[in-house]
Structures are given as structure tokens and as C-alpha cells.
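Source file: target-v3.cif. Holds: mmCIF, C-alpha atoms.
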data_run
loop_
_atom_site.label_atom_id
_atom_site.label_comp_id
_atom_site.auth_asym_id
_atom_site.auth_seq_id
_atom_site.Cartn_x
_atom_site.Cartn_y
_atom_site.Cartn_z
CA MET D 1105 58.59 112.56 91.14
CA ALA D 1106 55.14 111.81 89.70
CA ARG D 1107 55.85 108.08 89.39
CA HIS D 1108 52.96 106.97 91.62
CA PHE D 1109 50.27 108.60 89.47
CA GLN D 1110 49.50 110.05 86.07
CA ARG D 1111 47.38 112.78 84.58
CA SER D 1112 44.12 111.21 83.39
CA ASP D 1113 40.62 111.89 82.19
CA CYS D 1114 38.13 111.54 85.06
CA GLY D 1115 34.85 111.75 83.15
CA HIS D 1116 32.45 114.54 84.17
CA ARG D 1117 35.01 115.67 86.76
CA GLY D 1118 37.38 116.70 83.98
CA GLU D 1119 41.08 115.98 84.21
CA GLY D 1120 42.56 114.54 87.37
CA LEU D 1121 45.26 112.26 88.74
CA LYS D 1122 45.01 108.48 88.91
CA ALA D 1123 47.27 106.00 90.66
CA SER D 1124 49.57 104.18 88.25
CA ARG D 1125 50.14 101.40 90.79
CA SER D 1126 48.75 100.16 94.09
CA VAL D 1127 49.60 102.58 96.89
CA PRO D 1128 49.61 101.81 100.64
CA PRO D 1129 48.35 104.29 103.26
CA GLY D 1130 51.08 106.67 104.42
CA GLN D 1131 52.88 106.67 101.09
CA LEU D 1132 54.40 110.03 100.11
CA LEU D 1133 53.09 110.46 96.58
CA TYR D 1134 54.48 113.86 95.65
CA SER D 1135 56.45 116.76 97.05
CA THR D 1136 56.85 120.15 95.41
CA SER D 1137 57.80 123.74 96.08
CA PRO D 1138 55.30 126.50 95.24
CA TYR D 1139 55.06 128.51 92.06
CA THR D 1140 54.90 131.38 94.52
CA CYS D 1141 53.56 131.90 98.03
CA ILE D 1142 53.17 134.45 100.82
CA PRO D 1143 52.61 134.30 104.59
CA SER D 1144 48.96 134.93 105.40
CA LYS D 1145 47.99 138.12 107.20
CA LYS D 1146 47.26 136.27 110.46
CA ALA D 1147 50.75 134.69 110.48
CA ARG D 1148 52.68 137.71 109.23
CA GLY D 1149 55.45 138.68 111.63
CA SER D 1150 55.59 135.24 113.22
CA VAL D 1151 56.91 133.16 110.30
CA CYS D 1152 59.92 133.62 108.03
CA GLU D 1153 58.81 134.76 104.56
CA HIS D 1154 61.32 132.46 102.88
CA CYS D 1155 61.30 129.14 104.77
CA PHE D 1156 57.99 129.64 106.64
CA SER D 1157 59.53 128.58 109.97
CA ARG D 1158 58.05 129.99 113.15
CA VAL D 1159 60.75 131.99 114.93
CA GLU D 1160 60.51 134.13 118.06
CA SER D 1161 62.62 137.00 116.72
CA LEU D 1162 62.65 137.79 113.01
CA LEU D 1163 64.74 140.25 111.02
CA ARG D 1164 62.68 142.92 109.25
CA CYS D 1165 63.35 144.11 105.71
CA SER D 1166 64.74 147.63 106.22
CA ARG D 1167 63.19 148.85 102.94
CA CYS D 1168 59.53 147.79 103.02
CA LYS D 1169 59.43 147.28 106.81
CA MET D 1170 57.01 144.40 106.39
CA ALA D 1171 58.78 141.25 105.16
CA ARG D 1172 60.52 139.30 107.93
CA TYR D 1173 63.15 136.56 107.84
CA CYS D 1174 64.93 134.06 110.10
CA ASN D 1175 68.35 135.41 109.21
CA ALA D 1176 70.40 137.07 106.50
CA THR D 1177 70.63 133.80 104.54
CA CYS D 1178 66.85 133.46 104.21
CA GLN D 1179 66.57 137.15 103.32
CA LYS D 1180 69.17 136.75 100.56
CA LEU D 1181 67.47 133.62 99.15
CA ALA D 1182 64.10 135.40 99.15
CA TRP D 1183 65.34 138.53 97.37
CA ALA D 1184 64.57 137.32 93.82
CA ASP D 1185 60.87 136.99 94.73
CA HIS D 1186 60.78 139.97 97.08
CA LYS D 1187 62.71 142.54 95.05
CA ARG D 1188 59.88 143.99 92.97
CA GLU D 1189 57.16 143.63 95.61
CA CYS D 1190 59.44 145.37 98.12
CA LYS D 1191 58.99 148.65 96.25
CA CYS D 1192 55.23 148.14 96.15
CA LEU D 1193 54.98 147.36 99.84
CA ARG D 1194 57.12 150.37 100.66
CA SER D 1195 54.96 152.65 98.51
CA ILE D 1196 51.77 151.88 100.46
CA TYR D 1197 53.29 151.48 103.95
CA PRO D 1198 51.81 151.41 106.60
CA LYS D 1199 48.87 149.99 104.64
CA VAL D 1200 49.00 146.28 103.89
CA PRO D 1201 47.65 144.56 100.74
CA THR D 1202 45.18 141.68 101.06
CA ASP D 1203 46.69 138.21 100.84
CA MET D 1204 45.11 137.64 97.44
CA THR D 1205 46.37 140.97 96.08
CA ARG D 1206 49.92 140.30 97.21
CA LEU D 1207 49.90 136.72 95.88
CA VAL D 1208 48.63 137.76 92.44
CA ALA D 1209 51.22 140.55 92.28
CA ARG D 1210 53.95 137.99 92.94
CA ILE D 1211 52.57 135.80 90.15
CA ILE D 1212 52.70 138.73 87.73
CA PHE D 1213 56.30 139.57 88.67
CA LYS D 1214 57.26 135.91 88.19
CA LEU D 1215 55.55 135.80 84.78
CA LEU D 1216 57.58 138.84 83.73
CA THR D 1217 60.83 137.00 84.53
CA GLY D 1218 59.77 134.04 82.38
CA SER D 1219 61.59 131.65 84.70
CA PRO D 1220 60.40 127.97 84.68
CA CYS D 1221 59.06 126.36 87.86
CA SER D 1222 59.15 122.72 88.96
CA SER D 1223 55.64 123.02 90.38
CA GLU D 1224 54.35 123.18 86.79
CA GLU D 1225 55.62 119.67 86.01
CA LEU D 1226 52.13 118.29 85.30
CA TYR D 1227 50.00 121.40 84.97
CA SER D 1228 51.08 124.95 84.21
CA LEU D 1229 49.74 128.27 85.45
CA SER D 1230 48.12 128.88 82.06
CA ASP D 1231 46.25 125.54 82.35
CA LEU D 1232 44.47 126.55 85.56
CA GLN D 1233 40.70 127.02 85.33
CA SER D 1234 39.24 130.36 86.45
CA ASN D 1235 35.52 129.41 86.40
CA ILE D 1236 34.71 133.07 85.76
CA LYS D 1237 31.69 132.20 83.60
CA GLN D 1238 30.21 130.00 86.32
CA MET D 1239 30.77 132.50 89.15
CA SER D 1240 27.97 134.52 90.70
CA GLU D 1241 27.78 138.22 89.90
CA GLU D 1242 28.61 138.94 93.54
CA MET D 1243 31.80 136.88 93.29
CA LYS D 1244 32.79 138.54 90.01
CA GLY D 1245 32.21 141.93 91.60
CA SER D 1246 34.49 141.05 94.51
CA LEU D 1247 37.23 139.92 92.13
CA GLY D 1248 36.75 143.10 90.11
CA GLN D 1249 37.41 145.16 93.24
CA LEU D 1250 40.58 143.15 93.84
CA THR D 1251 41.86 144.00 90.34
CA VAL D 1252 41.48 147.70 91.17
CA MET D 1253 43.34 147.21 94.46
CA LEU D 1254 46.06 145.29 92.63
CA GLN D 1255 46.64 148.03 90.06
CA PHE D 1256 47.02 150.56 92.86
CA TYR D 1257 49.39 148.27 94.74
CA ILE D 1258 51.74 147.48 91.83
CA GLN D 1259 51.81 150.96 90.25
CA GLU D 1260 55.31 151.56 91.62
CA GLU D 1261 56.52 148.74 89.32
CA ILE D 1262 53.84 148.60 86.62
CA GLN D 1263 52.33 151.94 85.67
CA ASP D 1264 49.88 150.74 82.99
CA THR D 1265 48.47 147.53 81.54
CA SER D 1266 50.84 147.62 78.55
CA GLN D 1267 53.61 146.58 80.95
CA LEU D 1268 51.75 143.44 82.03
CA PRO D 1269 52.61 140.06 80.45
CA PRO D 1270 51.04 139.86 76.94
CA GLY D 1271 47.44 138.66 76.95
CA LEU D 1272 47.10 138.67 80.73
CA ASN D 1273 43.55 139.25 81.98
CA LEU D 1274 43.59 140.32 85.63
CA LEU D 1275 40.03 139.17 86.40
CA HIS D 1276 40.81 135.77 84.86
CA LEU D 1277 44.02 135.53 86.90
CA PHE D 1278 42.20 136.32 90.15
CA GLY D 1279 39.66 133.62 89.25
CA GLN D 1280 42.47 131.12 88.65
CA VAL D 1281 44.06 131.91 92.01
CA THR D 1282 40.75 131.84 93.91
CA CYS D 1283 39.93 128.37 92.59
CA ASN D 1284 43.43 126.90 92.76
CA CYS D 1285 45.43 128.36 95.66
CA PHE D 1286 46.32 126.22 98.68
CA THR D 1287 46.27 127.25 102.32
CA ILE D 1288 49.72 126.53 103.74
CA SER D 1289 49.59 125.20 107.30
CA ASP D 1290 52.17 124.33 109.94
CA GLY D 1291 52.57 120.93 111.55
CA GLU D 1292 49.63 121.61 113.87
CA MET D 1293 47.41 122.45 110.88
CA GLN D 1294 47.34 126.15 111.73
CA GLU D 1295 47.22 128.49 108.72
CA ILE D 1296 50.49 130.29 108.02
CA GLY D 1297 50.30 131.15 104.34
CA VAL D 1298 48.79 130.76 100.91
CA GLY D 1299 50.46 129.50 97.78
CA LEU D 1300 50.00 128.26 94.24
CA TYR D 1301 51.07 124.71 93.30
CA PRO D 1302 49.78 124.26 89.71
CA SER D 1303 50.43 120.52 89.31
CA MET D 1304 48.45 119.74 92.47
CA SER D 1305 45.47 121.68 91.12
CA LEU D 1306 44.78 118.57 89.04
CA LEU D 1307 43.60 116.83 92.22
CA ASN D 1308 39.82 116.64 92.32
CA HIS D 1309 37.72 117.01 95.47
CA SER D 1310 36.01 114.44 97.65
CA CYS D 1311 34.48 114.92 101.10
CA ASP D 1312 35.87 111.45 101.84
CA PRO D 1313 39.32 111.74 100.20
CA ASN D 1314 41.97 109.06 99.83
CA CYS D 1315 44.83 111.59 100.09
CA VAL D 1316 45.79 114.57 102.22
CA ILE D 1317 48.10 117.51 101.66
CA VAL D 1318 50.43 118.65 104.44
CA PHE D 1319 53.33 121.10 104.42
CA GLU D 1320 56.91 121.08 105.58
CA GLY D 1321 57.58 124.80 105.63
CA LYS D 1322 56.27 125.84 102.21
CA GLN D 1323 57.02 122.44 100.64
CA LEU D 1324 53.76 120.69 99.73
CA GLN D 1325 53.55 116.95 100.41
CA LEU D 1326 50.80 114.66 99.10
CA HIS D 1327 50.22 111.53 101.20
CA ALA D 1328 47.88 108.58 100.71
CA VAL D 1329 45.67 108.03 103.76
CA ARG D 1330 44.25 104.69 102.75
CA GLN D 1331 44.96 101.85 100.33
CA ILE D 1332 44.62 103.11 96.76
CA GLN D 1333 44.25 100.70 93.87
CA ALA D 1334 45.93 101.07 90.48
CA ASN D 1335 43.88 103.40 88.21
CA GLU D 1336 41.90 104.76 91.19
CA GLU D 1337 41.52 108.54 91.19
CA LEU D 1338 43.49 110.47 93.79
CA THR D 1339 41.33 112.94 95.73
CA ILE D 1340 41.74 115.56 98.45
CA SER D 1341 39.21 117.72 100.26
CA TYR D 1342 39.16 121.37 99.18
CA ILE D 1343 37.34 122.44 102.34
CA ASP D 1344 36.93 121.63 106.03
CA VAL D 1345 34.77 118.49 106.00
CA MET D 1346 33.53 119.08 109.56
CA ALA D 1347 30.23 120.41 108.27
CA THR D 1348 26.93 119.08 106.97
CA SER D 1349 26.63 118.03 103.33
CA GLN D 1350 24.44 121.09 102.69
CA GLU D 1351 27.08 123.46 104.11
CA ARG D 1352 29.89 121.76 102.22
CA ARG D 1353 28.02 121.84 98.94
CA ARG D 1354 27.19 125.51 99.42
CA GLN D 1355 30.85 126.41 100.01
CA LEU D 1356 32.08 124.32 97.07
CA GLU D 1357 29.55 125.85 94.70
CA LYS D 1358 30.41 129.38 95.84
CA GLN D 1359 34.21 129.13 95.64
CA TYR D 1360 34.82 126.30 93.17
CA CYS D 1361 31.64 126.40 91.07
CA PHE D 1362 30.69 122.73 91.17
CA ALA D 1363 28.13 120.55 92.94
CA CYS D 1364 29.79 117.80 94.94
CA ASP D 1365 28.55 114.29 94.09
CA CYS D 1366 30.94 112.29 96.27
CA ARG D 1367 29.57 109.28 98.14
CA ARG D 1368 29.53 111.11 101.47
CA CYS D 1369 27.37 113.90 100.05
CA GLU D 1370 25.12 111.46 98.19
CA ILE D 1371 24.20 109.62 101.39
CA ALA D 1372 23.51 113.06 102.94
CA ASP D 1373 25.69 112.53 105.99
CA LYS D 1374 23.34 110.12 107.74
CA LEU D 1375 25.76 109.86 110.63
CA ILE D 1376 25.84 113.60 111.15
CA THR D 1377 22.08 114.15 111.03
CA ASP D 1378 21.31 111.96 114.05
CA TRP D 1379 20.04 114.96 116.00
CA GLU D 1380 19.49 113.08 119.28
CA GLU D 1381 23.09 111.90 119.20
CA ILE D 1382 24.30 115.47 118.53
CA VAL D 1383 22.35 116.85 121.50
CA ASP D 1384 23.67 114.09 123.79
CA MET D 1385 27.25 114.65 122.64
CA CYS D 1386 26.99 118.44 123.06
CA GLN D 1387 25.41 118.14 126.51
CA THR D 1388 28.13 115.72 127.67
CA LEU D 1389 30.85 118.15 126.62
CA LEU D 1390 29.00 121.12 128.13
CA ASP D 1391 28.61 119.27 131.43
CA LYS D 1392 32.32 118.44 131.51
CA ASN D 1393 33.22 122.10 131.06
CA ARG D 1394 30.47 123.62 133.22
CA ASP D 1395 32.86 124.97 135.87
CA VAL D 1396 35.85 125.35 133.54
CA LEU D 1397 34.81 127.52 130.61
CA PRO D 1398 32.40 130.49 130.44
CA ASP D 1399 29.60 130.56 127.86
CA THR D 1400 31.56 133.28 126.04
CA ASN D 1401 34.35 130.81 125.20
CA LEU D 1402 34.39 130.58 121.40
CA TYR D 1403 34.37 126.77 121.22
CA LEU D 1404 31.76 126.40 123.95
CA SER D 1405 29.58 128.93 122.13
CA LYS D 1406 29.76 126.86 118.94
CA MET D 1407 28.76 123.79 120.95
CA LEU D 1408 25.74 125.66 122.36
CA ASP D 1409 24.81 126.71 118.82
CA ALA D 1410 25.00 123.12 117.57
CA ALA D 1411 22.86 121.90 120.48
CA MET D 1412 20.28 124.64 119.83
CA ASP D 1413 20.03 123.73 116.13
CA ALA D 1414 19.65 120.03 116.92
CA CYS D 1415 16.91 120.71 119.46
CA ILE D 1416 15.02 122.82 116.90
CA GLN D 1417 15.22 119.90 114.44
CA LEU D 1418 13.77 117.64 117.18
CA ALA D 1419 11.08 120.20 118.16
CA ARG D 1420 12.51 120.29 121.69
CA TRP D 1421 11.64 123.97 122.00
CA GLU D 1422 12.34 124.44 125.71
CA ASP D 1423 15.83 122.92 125.41
CA ALA D 1424 16.49 124.92 122.23
CA LEU D 1425 15.62 128.12 124.09
CA SER D 1426 17.88 127.18 127.00
CA TYR D 1427 20.87 126.64 124.71
CA GLY D 1428 20.06 129.66 122.55
CA THR D 1429 19.79 132.04 125.51
CA ARG D 1430 23.27 130.99 126.62
CA THR D 1431 24.72 131.98 123.21
CA LEU D 1432 23.60 135.61 123.38
CA ARG D 1433 26.49 136.93 125.48
CA SER D 1434 29.09 135.44 123.14
CA TYR D 1435 27.24 136.79 120.08
CA GLN D 1436 27.30 140.25 121.69
CA LEU D 1437 31.04 139.83 122.34
CA TYR D 1438 32.12 138.47 118.95
CA TYR D 1439 29.61 140.32 116.76
CA ALA D 1440 29.89 143.79 118.28
CA GLY D 1441 27.74 146.63 116.96
CA PRO D 1442 24.95 146.16 114.41
CA HIS D 1443 26.04 142.80 112.97
CA PRO D 1444 23.55 140.76 110.89
CA VAL D 1445 24.60 137.44 112.43
CA ARG D 1446 23.83 138.70 115.93
CA GLY D 1447 20.55 140.19 114.73
CA VAL D 1448 19.43 136.85 113.27
CA GLN D 1449 20.45 134.97 116.44
CA LEU D 1450 18.44 137.39 118.60
CA MET D 1451 15.48 136.90 116.30
CA ARG D 1452 15.76 133.08 116.59
CA VAL D 1453 15.91 133.21 120.38
CA GLY D 1454 13.07 135.75 120.49
CA LYS D 1455 10.87 133.45 118.39
CA LEU D 1456 11.60 130.57 120.77
CA GLN D 1457 10.70 132.76 123.75
CA HIS D 1458 7.48 133.75 121.99
CA HIS D 1459 6.67 130.11 121.26
CA GLN D 1460 7.22 129.22 124.93
CA GLY D 1461 4.93 132.02 126.08
CA LYS D 1462 7.69 134.12 127.63
CA LEU D 1463 6.21 137.24 126.09
CA ARG D 1464 8.05 139.96 128.03
CA HIS D 1465 11.43 138.36 127.35
CA ALA D 1466 10.46 137.74 123.74
CA LEU D 1467 9.44 141.36 123.24
CA ASP D 1468 12.75 142.62 124.62
CA THR D 1469 14.83 140.17 122.55
CA LEU D 1470 12.89 140.80 119.33
CA LYS D 1471 13.23 144.58 119.76
CA GLN D 1472 17.02 144.15 120.07
CA ALA D 1473 16.94 142.09 116.88
CA PHE D 1474 14.88 144.72 115.08
CA ASP D 1475 17.26 147.54 116.10
CA ILE D 1476 20.08 145.60 114.42
CA LEU D 1477 18.30 144.28 111.33
CA LYS D 1478 16.80 147.65 110.40
CA VAL D 1479 20.43 148.82 110.04
CA THR D 1480 22.01 145.72 108.49
CA HIS D 1481 19.11 144.66 106.25
CA GLY D 1482 17.02 147.81 105.99
CA ARG D 1483 13.38 148.29 106.95
CA GLU D 1484 12.13 147.08 103.56
CA HIS D 1485 13.92 143.72 103.63
CA SER D 1486 11.61 140.67 103.85
CA LEU D 1487 13.37 139.40 106.99
CA THR D 1488 12.87 142.75 108.74
CA GLY D 1489 9.24 142.74 107.64
CA ASN D 1490 8.76 139.25 109.05
CA LEU D 1491 10.32 140.37 112.34
CA LYS D 1492 7.97 143.38 112.54
CA GLN D 1493 5.02 141.05 112.14
CA ILE D 1494 6.25 138.76 114.94
CA LEU D 1495 6.82 141.81 117.15
CA ALA D 1496 3.27 143.01 116.51
CA GLU D 1497 1.85 139.56 117.37
CA CYS D 1498 3.93 139.41 120.55
CA GLU D 1499 2.80 142.88 121.64
CA ALA D 1500 -0.85 142.02 120.94
CA GLU D 1501 -0.64 138.78 122.94
CA LEU D 1502 1.07 140.50 125.86
CA SER D 1503 -1.54 143.28 125.84
CA SER D 1504 -4.35 140.71 125.80
CA ARG D 1505 -2.78 138.80 128.69
CA LEU D 1506 -2.43 141.98 130.77
CA GLU D 1507 -6.10 142.86 130.17
CA GLN D 1508 -7.17 139.44 131.47
CA MET D 1509 -5.23 139.88 134.73
#
Write the structure described by the file as C-alpha cells, please.
Amino acid sequence: MARHFQRSDCGHRGEGLKASRSVPPGQLLYSTSPYTCIPSKKARGSVCEHCFSRVESLLRCSRCKMARYCNATCQKLAWADHKRECKCLRSIYPKVPTDMTRLVARIIFKLLTGSPCSSEELYSLSDLQSNIKQMSEEMKGSLGQLTVMLQFYIQEEIQDTSQLPPGLNLLHLFGQVTCNCFTISDGEMQEIGVGLYPSMSLLNHSCDPNCVIVFEGKQLQLHAVRQIQANEELTISYIDVMATSQERRRQLEKQYCFACDCRRCEIADKLITDWEEIVDMCQTLLDKNRDVLPDTNLYLSKMLDAAMDACIQLARWEDALSYGTRTLRSYQLYYAGPHPVRGVQLMRVGKLQHHQGKLRHALDTLKQAFDILKVTHGREHSLTGNLKQILAECEAELSSRLEQM
């Protein structure tokens, strides 16, 4: 079906796909089934593991007690992919493997069958880049832990490495999957699964892409979203583009090991860094929902966070403190216990209170932050040390003020 584009060299971006003819917006460029896929943990039990349809009542596999299907037909069609993993799932029940562990296990079982797959039309599984050499040591360590989990999970079917496909390196395979898997979403763009579509891994990233990927069940569809000229590179976004260029670049470098140089990143999101406009937009939305949603509402909390950050950029300290104070209840709710994110937020609000001369409130807030950070970061961490210094300054100022009264 790849008649609208061809595999091409894209300079420093490596290989990619380029349009072989002019393409109008809305054109379906490609459709393919996955090499393999699984429902994600958050959707498990609500979607059929074969067709990925959302169904109220699903039939459960009587053997592993985890896989679920629309009906007997879907269960029968899924058996070839489920057969070997069924034993593995049953052996660890009621524990559940991570999505990545289960997906990689399915890939290994498919490799052992040697069966061809249409999703490798342009690019095969063996062609996929792992970027292991470019990954941080932390990332490699996480993948290493996944290989250990995988070996435990598949031991019912594969007792030792000699039974793996010849030449297979598990760390390399996890790297390939991490850099090349696709999140499968339903029609409302809600995540329902994760899958591997090797030919579509040739698509390079742009934060302002000319194509999008959507799914019909587990069938991947590539659509043009604007006019594309002949020989123009086809691009998609690997990440959620509703973020600043700095945040996007950080995520792309961490997961995909490259620095984005698309036009949107190069102009540094001038539209998104108009801090006054952000504050006005946030305040308008907050006003509209004043009597509708509590501050603990997840989306309202994110809006308060955005307004606080913008006010800090504009040195509007009093407004920043007002927004920040309103976030504390939701941070306590969503980051229960000693969580570093809550500790940092308390520290930020405490510093604003200190700056505004609200010393008693600042002291209380900063002490809460310290109680968390001494657990999550340790007393010797530079951030904890900085917080101790601010606490000492706050206590000294409050003591001096009391003496003058």
C-alpha cells in the first residue's frame, strides 16, 4: 500500500519516508496491522485483546484468567499469539507483567515461529534502532531490570537463553521496543494499548508534523493533515506537543536519544512563552469554573500550576503565591506520603511566602517541605541543604521581627 511514499535518505535525520507524489490533507497514506500488540494495563479488562473494541462484558480466558475477548470468535483468532504467553501469565497469576515485559515476550514468541508479517513491508524488526549506546546509564539500568523481569516471566516457556532466537540480545530488544513502539488509542485518543509497527518506525519526528497516526481497533492508519509536496518528508510527532520546547526536547532526548531541530523548536515556541497571555487565559478559565470545580480537580490544578509558573516568569510574586497556595491541597491529594514532587511544590510556595514577608506561613510550609525532602532526597542532597538555609533565614527574620514588637 506504500504507493504514496518511499523509503529515502533524510540527511542527518537518517532514513525516513518521503512523498512520491503531491498529497492532499486528509489522504490515508498507509494502513497496517501490528507486528504484535497488547492492551495497556490501564485498559485491560475493558477492551478485547484481539480486536481492541471496548465492550461492556468480556469473556475471560479460563486458563490464564487475564486475557479477555468479545466472544469465542475473537478468542479463537487470538489463540496463535496468546497460546505461549497464556502459560506464562498463568504461572505468575495473580501478578501481572508490565506492558513492556509482556510486549517483548510476545515478540520473542513470534520470532520463534518465524512467521512473516505485513507490518515489516518497508522496515523489519531487525532494522529497528535500539539507541543503547546513546542512552543514559539510568535508562540502561531500567532496561536491564526489565530483562530480569522478562526472564522470570517467560521461564514457563523458555527456561534458559539457549532457547531464545539465535543472536537475540534482550537489552538490545528492549531498546528497540522502547524507541519504536506506538501507543494505540481509541477514537477519542484515549490509550488502550501498545504495539510494534516496524514499517512506520521509519517516520521521523517533528513537533509540527504533516501527518498523524490514528487507530481503528489495532489497525494503524497514517493520514496527511496538510498539503504535502512530492519529495517532502513525512513526519509525525512522537510525543504530546502540548508542552514547551524545553520540555519536548528533554523528553525526546531521554526516550529517543536525539535533539529536536524542527522549526517549532528552533523558534523556541514564541507563541507559548507569552507569559501575560498565559496568565490571562488561565485566569479566564479559572473564573469560569470558580463555582463549578474544586481546586483539587486535576485539570484545574494543572491550570493553577501553569498560572503560578507564568507569574513567576513575570515577577508577579503576589499572584504567583495566590495560585501556588491553591495547588497545595491537590498536591497533598495526588502525591500522598513523602513524594518529591509535593516536597518541591511546598518549597516553591514557602519561598514565595518568605519573599512576601509572610514569615509564619513560610516557616510552616518550608518545614513541611523539609520533612518530605529529607526522606525523598536525603539530608545531604544539595536541594535539602538549600532548603535548610532558607529555613534558617526565615527563622532568624521571624525572631528579629518578634524582638522589635
Legend entry - Matched chain/residue IDs from the PyMOL selection byres ((chain D and resi 1210-1212) around 8), as number ranges by chain: D: 1139-1141, 1185, 1189, 1206-1209, 1213-1216, 1268-1269
Inset, instruction - Evaluate the PyMOL selection byres ((chain D and resi 1368) around 12) and record the selected residues as a PyMOL selection string, following the chain and residue labels used in the document. - result: chain D and resi 1309-1313+1341+1345+1347-1350+1352-1353+1364-1367+1369-1376
Residues within 9 Å of (39.5, 120.2, 81.9), file coords, all atoms listed in the file, listed as a PDB file with C-alpha atoms, in the coordinates of the input:
ATOM      1  CA  ASP D1113      40.620 111.890  82.190  1.00  0.00           C
ATOM      2  CA  ARG D1117      35.010 115.670  86.760  1.00  0.00           C
ATOM      3  CA  GLY D1118      37.380 116.700  83.980  1.00  0.00           C
ATOM      4  CA  GLU D1119      41.080 115.980  84.210  1.00  0.00           C
ATOM      5  CA  GLY D1120      42.560 114.540  87.370  1.00  0.00           C
ATOM      6  CA  ASP D1231      46.250 125.540  82.350  1.00  0.00           C
ATOM      7  CA  LEU D1232      44.470 126.550  85.560  1.00  0.00           C
ATOM      8  CA  GLN D1233      40.700 127.020  85.330  1.00  0.00           C
TER       9      GLN D1233
END
Legend entry - Residue IDs satisfying the PyMOL selection byres ((chain D and resi 1326) around 8), as a ChimeraX atom specification: /D:1132-1135,1315-1318,1324-1325,1327-1328
Output for the residues just chosen: C-alpha atoms as a PDB file, in the coordinates of the input:
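Result went into selection.pdb, see below:
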ATOM      1  CA  LEU D1132      54.400 110.030 100.110  1.00  0.00           C
ATOM      2  CA  LEU D1133      53.090 110.460  96.580  1.00  0.00           C
ATOM      3  CA  TYR D1134      54.480 113.860  95.650  1.00  0.00           C
ATOM      4  CA  SER D1135      56.450 116.760  97.050  1.00  0.00           C
ATOM      5  CA  CYS D1315      44.830 111.590 100.090  1.00  0.00           C
ATOM      6  CA  VAL D1316      45.790 114.570 102.220  1.00  0.00           C
ATOM      7  CA  ILE D1317      48.100 117.510 101.660  1.00  0.00           C
ATOM      8  CA  VAL D1318      50.430 118.650 104.440  1.00  0.00           C
ATOM      9  CA  LEU D1324      53.760 120.690  99.730  1.00  0.00           C
ATOM     10  CA  GLN D1325      53.550 116.950 100.410  1.00  0.00           C
ATOM     11  CA  HIS D1327      50.220 111.530 101.200  1.00  0.00           C
ATOM     12  CA  ALA D1328      47.880 108.580 100.710  1.00  0.00           C
TER      13      ALA D1328
END
Inset, instruction - Would you work out the distance separating atom CA of Asp1423 of chain D from atom CA of Leu1456 of chain D, expressed in Å to one decimal? - result: 9.9 Å
